[in-house]
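S.K.: The structure that follows is given in the form of structure tokens.
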Amino acid sequence: MSARAVGRRRRRVRLVPAVAAAWLLLAGAMALLAPGLAPEGPMTADPARALLPPGAGSPLGTDFLGREVWVRLVWGARLTLTVGAVAAGLAVAIGLPLGLAAGSLGGWVDSLLMRLVDGLLAFPGLLLAMAVMAILGVGMESAAIAAGLAAAPAYARVARSVAHEVRIQPYLDAARAVGCSPWRIAIRHILPNAGPALVSFAGAQLGSILLMIGALNFLGLGDSPGSPEWGMMLADGRGYLRQAPWASLFPGLALTLTVLAVNLLGDAWE
Amino acid sequence: MAARYFFRRALGAIFVLWLAATLAFVALKLTPGDPAQALLAASGATPAEIAERRAHLGLDDPLLLQYGRYLAELVRLDLGESWLHGRPVGRMIVEQLPSTLALALAATAVAVLLGLLLGLPAALRRGTWLDTLATSCAVIGLSTPTYWSGLLAILVFSLYLRWFPSAGQGSPAHLVLPAAVLGFAMSGAIARVVRAQVAEVLSANYVIAAHAKGLTPRRVLFVHILRNAMGPALAVTALQFGFMLSGAVVTESVFARRGLGKLVVQAIIWRDLPVVRGVMLVAAIAFVLTSLVSDLARGWLDPRLREEQQ
């Protein structure tokens, strides 16, 4: 590799996470500031302005009911990011204690929990989420719970293997020798040392959780009709793909860029 | 020795299937609502008829007996009756399976081809623009929802260029766009594994030795590098095939295709739980079977794996 190639590579490595972080900050700011940016709200329709192309009067065009696509995107960011964060938090809240218990305690607890995880992982994630939706009923709250539950087994398995690796370190023998209880060891010694790997995997999972929530909404299993959730905007726009492709292309682009940014940042973290 | 390896793997696969089936049973039992009522609600049945139906379905029996009967029926591939249509779930699934299977297989072929096409040059030319291109394609494939790339494909190839139909099924042309979209989404994971594996094998002693004894680069690539890098690539492909089925659910919806996807989405909206459970079990069977086949293939490719199990 020439010196120039090395330089180019280094620059790229620094540039990509910066752009990714910038996009996530922008999306986060849109989510936070939605009421100020677009006070009219995502449901304001004007049939006289239906299916307008992007241009002077309407930056990203309007959908079949004459709702501004950019307004809905901004409000959708609020919805999509909140639900994604809740689902990812739920996956960690369920997966982390289970994985930590299995990896730190070992023995029959480990065998039992990991067999449970094996059984759950035999179902593809999206189908698992859909089955949870079938039991809980259709809606945005169930979609968040379903995506979180579907992501939890994989998180438990990673947490378990990380905790297991830490467990066999000599300093934990020392902790056991001075009489620390297994739970104290798990929380005071294993958790802090396993931290970075666990944060990294939670980030990697956030991307697939966002895709899953979008898919549930796209399939009509998520929020109520008309919601500006990005997956649902896509589904609503596809009937007008020929006349107004912007109504479904922009929400899809926003979701793809967000997932891409999350994944790229995760790669950079490693 | 080899027979023992195969036997252990098959036993493990059956165990995971049993676990999955048990989880599905427990989930359905924990769900509120009376199946007999759900089955007969539409026909305006009297409470007496519902009670009779409960007895007929065995819902008043002890839980353990119901569980045993459920497992016995599963072994005979009996998945129960739809609450909505009163038809055998197994038959409903068999009707939809060919369409979904065709999509999943075609998409897997696309994914493997793209994964090799992206991963191999990336590993052989590390740090060049080819590597950058391949790794970028891989992460974009992982991050792009098929419900968006599918609409893009319809827009460009159906509406503007008019090369392929945008919806439905019937001819091979109907399969091209869905398979390409789903295959692209799955190719990223395969490309990553191929790149990592080939890169690792490249610096192995036996590859250096193969070069040193004067074999042609082509022979080294195909006989020494690819064969040794194939195992993990096969494993990830098998894993992806399980996800192919859930990917197919979304892709079928994008392209308005018949298949398991439409069946399961309708079943969820109408809370037809036996159908949902049936599709879940079929997905679990597909996942476990493909993992088993890939394990066996890996054992065949790499004798060391068979011995580690002893």
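By order in the structure tokens, chains are A, B, ...; within a chain, residues start at 1; ligands start at 1, following the order shown.
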Could you give me, as number ranges by chain, the residues within 6 Å of Ala123 in chain B, counting only C-alpha atoms and dropping anything in the same chain fewer than 3 positions from it?
M.R.: B: 120, 126, 195, 198-199
S.K.: Restrict the calculation to only C-alpha atoms, then for each residue of chain A with any atom at most 7 Å from an atom of chain B give the closest atom pair and their distance in Å to one decimal, rows by chain and rising residue number, as a tab-separated table.
M.R.:
residue	atom	partner	partner_atom	distance
A:Asp118	CA	B:Val16	CA	6.7
A:Gly119	CA	B:Ala20	CA	4.7
A:Leu120	CA	B:Ala20	CA	6.5
A:Ala122	CA	B:Ala284	CA	5.1
A:Phe123	CA	B:Ala284	CA	5.1
A:Pro124	CA	B:Phe243	CA	5.3
A:Leu126	CA	B:Ser246	CA	5.9
A:Leu127	CA	B:Ser246	CA	5.8
A:Ala131	CA	B:Val276	CA	6.6
A:Ala134	CA	B:Ile268	CA	4.7
A:Ile135	CA	B:Thr31	CA	6.1
A:Val138	CA	B:Ile269	CA	6.9
A:Leu211	CA	B:Pro145	CA	6.2
A:Ala215	CA	B:Val250	CA	6.9
A:Arg242	CA	B:Leu159	CA	6.9
A:Gly252	CA	B:Trp148	CA	5.3
A:Thr256	CA	B:Thr144	CA	5.1
A:Val259	CA	B:Ser143	CA	5.4
A:Leu260	CA	B:Ser143	CA	5.1
S.K.: Taking only C-alpha atoms into account, which of A:Leu149, A:Tyr155, A:Leu51, A:Arg72 comes nearest Pro97 in chain A?
M.R.: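 Checking each of A:Leu149, A:Tyr155, A:Leu51, A:Arg72 against Pro97 in chain A, counting only C-alpha atoms, the winner is A:Tyr155.
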S.K.: Set the distance at 12 Å and use only C-alpha atoms: which residues neighbour Tyr206 in chain B once local chain neighbours fewer than 2 positions away are removed? I'd like the list as a PyMOL selection string.
M.R.: chain B and resi 200-204+208-213+215+220-221+223-225+228
S.K.: Keeping only C-alpha atoms, write the selected residues to a file as a short mmCIF file (atom, residue, chain, number, x, y, z; two decimals), in the first residue's frame.
M.R.:
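To be explicit, this is the file written out as result-v3.cif:
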data_model
loop_
_atom_site.label_atom_id
_atom_site.label_comp_id
_atom_site.auth_asym_id
_atom_site.auth_seq_id
_atom_site.Cartn_x
_atom_site.Cartn_y
_atom_site.Cartn_z
CA GLU B 200 -7.32 -15.02 7.63
CA VAL B 201 -6.63 -18.06 5.45
CA LEU B 202 -4.37 -16.00 3.14
CA SER B 203 -1.70 -15.72 5.82
CA ALA B 204 -1.99 -19.35 6.97
CA ILE B 208 2.39 -19.89 2.06
CA ALA B 209 3.61 -23.46 1.62
CA ALA B 210 1.33 -23.98 -1.38
CA HIS B 211 2.73 -20.86 -3.03
CA ALA B 212 6.28 -21.92 -2.12
CA LYS B 213 5.96 -25.30 -3.80
CA LEU B 215 1.36 -24.10 -7.43
CA VAL B 220 -3.98 -22.05 -4.53
CA LEU B 221 -7.11 -19.90 -4.57
CA VAL B 223 -8.04 -25.66 -3.64
CA HIS B 224 -6.40 -24.13 -0.59
CA ILE B 225 -8.00 -20.78 0.15
CA ASN B 228 -10.83 -23.54 3.91
#
S.K.: Near Leu24 in chain A, counting only C-alpha atoms, which residues have an atom at most 7 Å away, once you skip same-chain residues fewer than 3 positions from it, shown as a ChimeraX atom specification?
M.R.: /A:20-21,27-28,258,261
S.K.: Using only C-alpha atoms, which protein or nucleic acid residues come within 6 Å of range 58-66 of chain A? Drop anything in the same chain fewer than 4 positions from it, and give the result as a count of residues only.
M.R.: 11
S.K.: Any idea what the distance is between CA of Pro42 in chain A and CA of Leu219 in chain A?
M.R.: 20.5 Å
S.K.: Write out as a count of residues only which residues come within 12 Å of Asp60 in chain B when counting only C-alpha atoms, dropping same-chain ones fewer than 4 positions away.
M.R.: 13
